[in-house]
file upload.pdb (PDB, C-alpha atoms, pLDDT in the B column)
ATOM      1  CA  MET R   1      74.302  85.162  48.132  1.00 57.00           C
ATOM      2  CA  ASP R   2      74.293  82.126  50.422  1.00 61.00           C
ATOM      3  CA  THR R   3      73.272  83.366  53.862  1.00 64.00           C
ATOM      4  CA  LEU R   4      73.928  80.019  55.517  1.00 65.00           C
ATOM      5  CA  SER R   5      77.659  80.659  55.402  1.00 68.00           C
ATOM      6  CA  PHE R   6      77.303  83.656  57.742  1.00 70.00           C
ATOM      7  CA  LYS R   7      76.028  81.834  60.816  1.00 76.00           C
ATOM      8  CA  THR R   8      77.685  82.724  64.083  1.00 79.00           C
ATOM      9  CA  ILE R   9      79.494  79.812  65.677  1.00 78.00           C
ATOM     10  CA  SER R  10      78.605  79.383  69.338  1.00 85.00           C
ATOM     11  CA  ALA R  11      80.792  76.961  71.258  1.00 86.00           C
ATOM     12  CA  ASN R  12      79.490  74.613  73.915  1.00 87.00           C
ATOM     13  CA  LYS R  13      81.289  72.214  76.231  1.00 83.00           C
ATOM     14  CA  VAL R  14      81.173  69.443  73.624  1.00 88.00           C
ATOM     15  CA  THR R  15      82.645  71.431  70.707  1.00 89.00           C
ATOM     16  CA  VAL R  16      85.262  73.398  72.646  1.00 90.00           C
ATOM     17  CA  ASN R  17      88.896  72.251  72.492  1.00 90.00           C
ATOM     18  CA  LYS R  18      90.727  72.881  75.763  1.00 91.00           C
ATOM     19  CA  GLU R  19      94.511  72.667  75.757  1.00 94.00           C
ATOM     20  CA  TRP R  20      97.180  72.672  78.453  1.00 97.00           C
ATOM     21  CA  VAL R  21      99.748  75.475  78.287  1.00 97.00           C
ATOM     22  CA  VAL R  22     102.803  76.283  80.403  1.00 97.00           C
ATOM     23  CA  VAL R  23     103.747  79.899  81.121  1.00 96.00           C
ATOM     24  CA  ASP R  24     107.147  80.805  82.547  1.00 95.00           C
ATOM     25  CA  ALA R  25     106.909  83.706  85.019  1.00 95.00           C
ATOM     26  CA  THR R  26     110.638  84.368  85.227  1.00 95.00           C
ATOM     27  CA  ASP R  27     111.323  88.153  85.114  1.00 94.00           C
ATOM     28  CA  GLN R  28     107.717  88.898  84.115  1.00 95.00           C
ATOM     29  CA  HIS R  29     105.727  91.763  85.625  1.00 96.00           C
ATOM     30  CA  LEU R  30     102.904  90.439  87.790  1.00 95.00           C
ATOM     31  CA  GLY R  31      99.987  92.477  86.433  1.00 95.00           C
ATOM     32  CA  ARG R  32     100.888  92.134  82.760  1.00 96.00           C
ATOM     33  CA  LEU R  33     101.464  88.395  83.133  1.00 96.00           C
ATOM     34  CA  CYS R  34      98.208  87.832  85.019  1.00 96.00           C
ATOM     35  CA  SER R  35      96.126  89.820  82.528  1.00 97.00           C
ATOM     36  CA  LYS R  36      97.352  87.577  79.713  1.00 97.00           C
ATOM     37  CA  VAL R  37      96.814  84.473  81.842  1.00 97.00           C
ATOM     38  CA  ALA R  38      93.242  85.628  82.552  1.00 97.00           C
ATOM     39  CA  LYS R  39      92.642  85.984  78.806  1.00 97.00           C
ATOM     40  CA  LEU R  40      94.043  82.474  78.256  1.00 96.00           C
ATOM     41  CA  LEU R  41      91.793  81.065  80.988  1.00 96.00           C
ATOM     42  CA  ARG R  42      88.776  82.819  79.515  1.00 95.00           C
ATOM     43  CA  GLY R  43      89.532  81.719  75.924  1.00 94.00           C
ATOM     44  CA  LYS R  44      89.744  85.212  74.438  1.00 94.00           C
ATOM     45  CA  TYR R  45      92.616  84.234  72.123  1.00 94.00           C
ATOM     46  CA  LYS R  46      90.515  81.562  70.385  1.00 91.00           C
ATOM     47  CA  PRO R  47      88.393  82.252  67.302  1.00 89.00           C
ATOM     48  CA  ASN R  48      85.391  80.384  68.739  1.00 88.00           C
ATOM     49  CA  PHE R  49      85.222  82.424  71.978  1.00 91.00           C
ATOM     50  CA  THR R  50      81.801  82.324  73.602  1.00 92.00           C
ATOM     51  CA  PRO R  51      81.297  84.532  76.685  1.00 93.00           C
ATOM     52  CA  HIS R  52      79.092  82.131  78.678  1.00 93.00           C
ATOM     53  CA  VAL R  53      81.122  78.943  78.073  1.00 92.00           C
ATOM     54  CA  ASP R  54      84.390  77.719  79.596  1.00 93.00           C
ATOM     55  CA  CYS R  55      86.350  77.608  76.335  1.00 92.00           C
ATOM     56  CA  GLY R  56      89.727  78.653  77.741  1.00 93.00           C
ATOM     57  CA  ASP R  57      92.875  76.645  78.285  1.00 95.00           C
ATOM     58  CA  ASN R  58      94.285  75.062  81.424  1.00 96.00           C
ATOM     59  CA  VAL R  59      97.245  77.258  82.398  1.00 97.00           C
ATOM     60  CA  ILE R  60     100.286  76.100  84.379  1.00 97.00           C
ATOM     61  CA  ILE R  61     102.522  78.891  85.720  1.00 97.00           C
ATOM     62  CA  ILE R  62     106.057  77.813  86.599  1.00 96.00           C
ATOM     63  CA  ASN R  63     108.801  79.820  88.347  1.00 95.00           C
ATOM     64  CA  ALA R  64     106.160  81.867  90.154  1.00 94.00           C
ATOM     65  CA  ASP R  65     108.684  82.870  92.786  1.00 94.00           C
ATOM     66  CA  LYS R  66     110.690  84.801  90.164  1.00 95.00           C
ATOM     67  CA  VAL R  67     107.898  87.241  89.246  1.00 95.00           C
ATOM     68  CA  VAL R  68     108.726  90.971  89.343  1.00 95.00           C
ATOM     69  CA  LEU R  69     106.949  93.914  90.932  1.00 95.00           C
ATOM     70  CA  THR R  70     108.352  97.369  90.165  1.00 94.00           C
ATOM     71  CA  GLY R  71     109.177  99.971  92.770  1.00 95.00           C
ATOM     72  CA  ASN R  72     108.379  99.150  96.389  1.00 96.00           C
ATOM     73  CA  LYS R  73     105.100  97.377  95.591  1.00 96.00           C
ATOM     74  CA  TRP R  74     106.155  94.223  97.432  1.00 96.00           C
ATOM     75  CA  ASN R  75     105.596  96.076 100.726  1.00 96.00           C
ATOM     76  CA  ASP R  76     103.500  99.155  99.854  1.00 96.00           C
ATOM     77  CA  ARG R  77     100.623  97.595  97.901  1.00 96.00           C
ATOM     78  CA  VAL R  78      97.784  96.342 100.080  1.00 96.00           C
ATOM     79  CA  TYR R  79      95.196  93.666  99.305  1.00 94.00           C
ATOM     80  CA  LEU R  80      92.124  93.623 101.553  1.00 94.00           C
ATOM     81  CA  ARG R  81      90.017  90.730 102.785  1.00 93.00           C
ATOM     82  CA  TYR R  82      86.959  90.761 105.026  1.00 96.00           C
ATOM     83  CA  THR R  83      86.132  87.922 107.414  1.00 97.00           C
ATOM     84  CA  GLY R  84      82.463  88.812 107.723  1.00 97.00           C
ATOM     85  CA  TYR R  85      82.672  89.855 111.358  1.00 98.00           C
ATOM     86  CA  PRO R  86      82.757  93.414 112.760  1.00 98.00           C
ATOM     87  CA  GLY R  87      86.321  94.701 112.658  1.00 97.00           C
ATOM     88  CA  GLY R  88      87.310  91.740 110.508  1.00 97.00           C
ATOM     89  CA  GLN R  89      89.041  93.563 107.685  1.00 98.00           C
ATOM     90  CA  ARG R  90      92.504  92.107 107.069  1.00 97.00           C
ATOM     91  CA  ALA R  91      95.250  93.680 104.981  1.00 97.00           C
ATOM     92  CA  TYR R  92      97.948  91.729 103.133  1.00 94.00           C
ATOM     93  CA  THR R  93     100.942  92.823 101.090  1.00 96.00           C
ATOM     94  CA  PRO R  94     102.210  90.843  98.095  1.00 96.00           C
ATOM     95  CA  ALA R  95     105.296  89.841 100.119  1.00 95.00           C
ATOM     96  CA  VAL R  96     103.108  88.275 102.839  1.00 96.00           C
ATOM     97  CA  LEU R  97     100.951  86.453 100.265  1.00 94.00           C
ATOM     98  CA  MET R  98     104.097  85.143  98.563  1.00 93.00           C
ATOM     99  CA  GLN R  99     105.411  83.785 101.871  1.00 94.00           C
ATOM    100  CA  LYS R 100     102.119  81.963 102.540  1.00 94.00           C
ATOM    101  CA  GLY R 101     102.311  80.366  99.090  1.00 91.00           C
ATOM    102  CA  GLU R 102     103.077  81.718  95.650  1.00 87.00           C
ATOM    103  CA  ASP R 103      99.737  80.474  94.316  1.00 92.00           C
ATOM    104  CA  ARG R 104      97.858  82.798  96.711  1.00 94.00           C
ATOM    105  CA  LEU R 105      99.259  85.947  95.116  1.00 95.00           C
ATOM    106  CA  PHE R 106      98.586  84.753  91.566  1.00 96.00           C
ATOM    107  CA  ARG R 107      95.062  83.559  92.400  1.00 95.00           C
ATOM    108  CA  LYS R 108      94.252  86.882  94.090  1.00 95.00           C
ATOM    109  CA  VAL R 109      95.420  88.886  91.078  1.00 96.00           C
ATOM    110  CA  VAL R 110      93.893  86.651  88.374  1.00 96.00           C
ATOM    111  CA  LYS R 111      90.589  86.346  90.245  1.00 96.00           C
ATOM    112  CA  GLY R 112      90.133  90.110  90.013  1.00 95.00           C
ATOM    113  CA  MET R 113      90.480  89.898  86.223  1.00 97.00           C
ATOM    114  CA  LEU R 114      87.875  87.153  85.715  1.00 96.00           C
ATOM    115  CA  PRO R 115      84.050  87.460  85.729  1.00 96.00           C
ATOM    116  CA  LYS R 116      82.487  87.703  89.187  1.00 96.00           C
ATOM    117  CA  ASN R 117      80.117  84.748  88.814  1.00 96.00           C
ATOM    118  CA  ARG R 118      80.071  80.936  88.786  1.00 96.00           C
ATOM    119  CA  LEU R 119      81.892  80.833  85.461  1.00 95.00           C
ATOM    120  CA  GLY R 120      84.743  82.936  86.868  1.00 96.00           C
ATOM    121  CA  ALA R 121      85.071  80.578  89.835  1.00 96.00           C
ATOM    122  CA  LYS R 122      85.214  77.603  87.483  1.00 96.00           C
ATOM    123  CA  LEU R 123      87.816  79.301  85.280  1.00 96.00           C
ATOM    124  CA  LEU R 124      90.031  79.986  88.302  1.00 96.00           C
ATOM    125  CA  GLY R 125      90.092  76.237  88.914  1.00 96.00           C
ATOM    126  CA  ASN R 126      91.935  75.841  85.596  1.00 96.00           C
ATOM    127  CA  LEU R 127      94.968  77.738  86.960  1.00 96.00           C
ATOM    128  CA  TYR R 128      97.918  75.841  88.442  1.00 97.00           C
ATOM    129  CA  VAL R 129     100.843  77.717  90.021  1.00 96.00           C
ATOM    130  CA  TYR R 130     104.237  76.247  90.966  1.00 95.00           C
ATOM    131  CA  ALA R 131     107.320  77.922  92.469  1.00 94.00           C
ATOM    132  CA  GLY R 132     109.945  75.925  90.603  1.00 91.00           C
ATOM    133  CA  THR R 133     110.254  74.489  87.128  1.00 93.00           C
ATOM    134  CA  GLU R 134     108.717  71.117  88.081  1.00 93.00           C
ATOM    135  CA  HIS R 135     104.983  70.453  87.856  1.00 94.00           C
ATOM    136  CA  LYS R 136     102.829  67.332  88.058  1.00 94.00           C
ATOM    137  CA  HIS R 137     100.950  67.757  84.768  1.00 94.00           C
ATOM    138  CA  GLU R 138     103.369  66.070  82.368  1.00 93.00           C
ATOM    139  CA  ALA R 139     100.753  63.450  81.451  1.00 95.00           C
ATOM    140  CA  GLN R 140      98.610  66.176  79.827  1.00 93.00           C
ATOM    141  CA  GLN R 141     101.537  67.056  77.492  1.00 94.00           C
ATOM    142  CA  PRO R 142     101.323  70.833  77.963  1.00 95.00           C
ATOM    143  CA  LYS R 143     102.951  73.086  75.415  1.00 94.00           C
ATOM    144  CA  LEU R 144     105.239  75.923  76.477  1.00 94.00           C
ATOM    145  CA  ILE R 145     104.111  79.295  75.135  1.00 94.00           C
ATOM    146  CA  ASP R 146     105.868  82.635  75.092  1.00 93.00           C
ATOM    147  CA  ILE R 147     103.579  84.981  77.010  1.00 92.00           C
ATOM    148  CA  ASN R 148     105.278  88.035  75.497  1.00 93.00           C
ATOM    149  CA  SER R 149     104.056  87.081  72.009  1.00 92.00           C
ATOM    150  CA  LEU R 150     100.404  87.447  73.075  1.00 90.00           C
ATOM    151  CA  LYS R 151      98.630  90.810  72.906  1.00 87.00           C
TER     152      LYS R 151
END

call {"tool": "encode", "arguments": {"input": "upload.pdb", "output": "structure tokens"}}
result
Amino acid sequence: MDTLSFKTISANKVTVNKEWVVVDATDQHLGRLCSKVAKLLRGKYKPNFTPHVDCGDNVIIINADKVVLTGNKWNDRVYLRYTGYPGGQRAYTPAVLMQKGEDRLFRKVVKGMLPKNRLGAKLLGNLYVYAGTEHKHEAQQPKLIDINSLK
């Protein structure tokens, strides 16, 4: 038996192949969409996934303003932030975050699903969110993927 054929492949930043993908958020549920986007950013859908390397794709989310939250979560759910000063805890609802900019809501949700270290911060930089169908990344030739086909 040839044991050399059983070596584990470990990707590094030279051997990894990063792609650009477009995800349409129209009529998608926020949490389910963001969990799949976090897996795409991390590279979990690739066969050469390595936990300590940025081997994920660059993800462009279009139609972010058409995302769906069930029930009354637009006004009842609360996200907290702390300024660092006494009495500096601030509360935001998804509706308020969406008014300030649709990328704020998506970044808040996806950030909670990524590792809490320098790699997670770098992966969050690979996320681009746009309200309409137009984006400025046509030069990268991104491919449109169906997010519902991913597990």

call {"tool": "atom_distance", "arguments": {"input": "upload.pdb", "atom1": "CA of Ile61 (chain R)", "atom2": "CA of Gly125 (chain R)"}}
result
13.1 Å

call {"tool": "residues_around", "arguments": {"input": "upload.pdb", "residues": "region 23-31 of chain R", "least_positions_apart": "2", "cutoff": "8 Å", "atoms": "only C-alpha atoms", "output": "number ranges by chain"}}
result
R: 21, 33-35, 59-70, 109, 144-147

call {"tool": "write_last_selection", "arguments": {"input": "upload.pdb", "atoms": "C-alpha atoms", "output": "PDB file, in the coordinates of the input"}}
result
ATOM      1  CA  VAL R  21      99.748  75.475  78.287  1.00 97.00           C
ATOM      2  CA  LEU R  33     101.464  88.395  83.133  1.00 96.00           C
ATOM      3  CA  CYS R  34      98.208  87.832  85.019  1.00 96.00           C
ATOM      4  CA  SER R  35      96.126  89.820  82.528  1.00 97.00           C
ATOM      5  CA  VAL R  59      97.245  77.258  82.398  1.00 97.00           C
ATOM      6  CA  ILE R  60     100.286  76.100  84.379  1.00 97.00           C
ATOM      7  CA  ILE R  61     102.522  78.891  85.720  1.00 97.00           C
ATOM      8  CA  ILE R  62     106.057  77.813  86.599  1.00 96.00           C
ATOM      9  CA  ASN R  63     108.801  79.820  88.347  1.00 95.00           C
ATOM     10  CA  ALA R  64     106.160  81.867  90.154  1.00 94.00           C
ATOM     11  CA  ASP R  65     108.684  82.870  92.786  1.00 94.00           C
ATOM     12  CA  LYS R  66     110.690  84.801  90.164  1.00 95.00           C
ATOM     13  CA  VAL R  67     107.898  87.241  89.246  1.00 95.00           C
ATOM     14  CA  VAL R  68     108.726  90.971  89.343  1.00 95.00           C
ATOM     15  CA  LEU R  69     106.949  93.914  90.932  1.00 95.00           C
ATOM     16  CA  THR R  70     108.352  97.369  90.165  1.00 94.00           C
ATOM     17  CA  VAL R 109      95.420  88.886  91.078  1.00 96.00           C
ATOM     18  CA  LEU R 144     105.239  75.923  76.477  1.00 94.00           C
ATOM     19  CA  ILE R 145     104.111  79.295  75.135  1.00 94.00           C
ATOM     20  CA  ASP R 146     105.868  82.635  75.092  1.00 93.00           C
ATOM     21  CA  ILE R 147     103.579  84.981  77.010  1.00 92.00           C
TER      22      ILE R 147
END

call {"tool": "atom_distance", "arguments": {"input": "upload.pdb", "atom1": "CA of Leu114 (chain R)", "atom2": "CA of Val37 (chain R)"}}
result
10.1 Å

call {"tool": "residues_around", "arguments": {"input": "upload.pdb", "residues": "region 7-16 of chain R", "least_positions_apart": "5", "cutoff": "8 Å", "atoms": "all atoms listed in the file", "output": "number ranges by chain"}}
result
R: 48-50, 53-55

call {"tool": "write_last_selection", "arguments": {"input": "upload.pdb", "atoms": "C-alpha atoms", "output": "PDB file, keeping the file's coordinate frame"}}
result
ATOM      1  CA  ASN R  48      85.391  80.384  68.739  1.00 88.00           C
ATOM      2  CA  PHE R  49      85.222  82.424  71.978  1.00 91.00           C
ATOM      3  CA  THR R  50      81.801  82.324  73.602  1.00 92.00           C
ATOM      4  CA  VAL R  53      81.122  78.943  78.073  1.00 92.00           C
ATOM      5  CA  ASP R  54      84.390  77.719  79.596  1.00 93.00           C
ATOM      6  CA  CYS R  55      86.350  77.608  76.335  1.00 92.00           C
TER       7      CYS R  55
END

call {"tool": "closest_residue", "arguments": {"input": "upload.pdb", "among": "R:Gly43, R:Ala131, R:Leu124, R:Gly88", "to": "Gly101 (chain R)", "atoms": "all atoms listed in the file"}}
result
R:Ala131

call {"tool": "closest_residue", "arguments": {"input": "upload.pdb", "among": "R:Gly120, R:Pro94, R:Gly112, R:Pro86", "to": "His52 (chain R)", "atoms": "all atoms listed in the file"}}
result
R:Gly120

call {"tool": "closest_residue", "arguments": {"input": "upload.pdb", "among": "R:Pro51, R:Gly71, R:Val22, R:Tyr45", "to": "Pro115 (chain R)", "atoms": "all atoms listed in the file"}}
result
R:Pro51

call {"tool": "closest_residue", "arguments": {"input": "upload.pdb", "among": "R:Arg32, R:Val110, R:Val129, R:Pro142", "to": "Glu19 (chain R)", "atoms": "all atoms listed in the file"}}
result
R:Pro142

call {"tool": "atom_distance", "arguments": {"input": "upload.pdb", "atom1": "CA of Leu80 (chain R)", "atom2": "CA of Thr93 (chain R)"}}
result
8.9 Å

call {"tool": "resolve_selection", "arguments": {"input": "upload.pdb", "expression": "the PyMOL selection byres ((chain R and resi 77) around 10)", "output": "VMD selection string"}}
result
chain R and resid 72 to 76 78 to 79 91 to 95

call {"tool": "write_last_selection", "arguments": {"input": "upload.pdb", "atoms": "C-alpha atoms", "output": "PDB file, keeping the file's coordinate frame"}}
result
ATOM      1  CA  ASN R  72     108.379  99.150  96.389  1.00 96.00           C
ATOM      2  CA  LYS R  73     105.100  97.377  95.591  1.00 96.00           C
ATOM      3  CA  TRP R  74     106.155  94.223  97.432  1.00 96.00           C
ATOM      4  CA  ASN R  75     105.596  96.076 100.726  1.00 96.00           C
ATOM      5  CA  ASP R  76     103.500  99.155  99.854  1.00 96.00           C
ATOM      6  CA  VAL R  78      97.784  96.342 100.080  1.00 96.00           C
ATOM      7  CA  TYR R  79      95.196  93.666  99.305  1.00 94.00           C
ATOM      8  CA  ALA R  91      95.250  93.680 104.981  1.00 97.00           C
ATOM      9  CA  TYR R  92      97.948  91.729 103.133  1.00 94.00           C
ATOM     10  CA  THR R  93     100.942  92.823 101.090  1.00 96.00           C
ATOM     11  CA  PRO R  94     102.210  90.843  98.095  1.00 96.00           C
ATOM     12  CA  ALA R  95     105.296  89.841 100.119  1.00 95.00           C
TER      13      ALA R  95
END
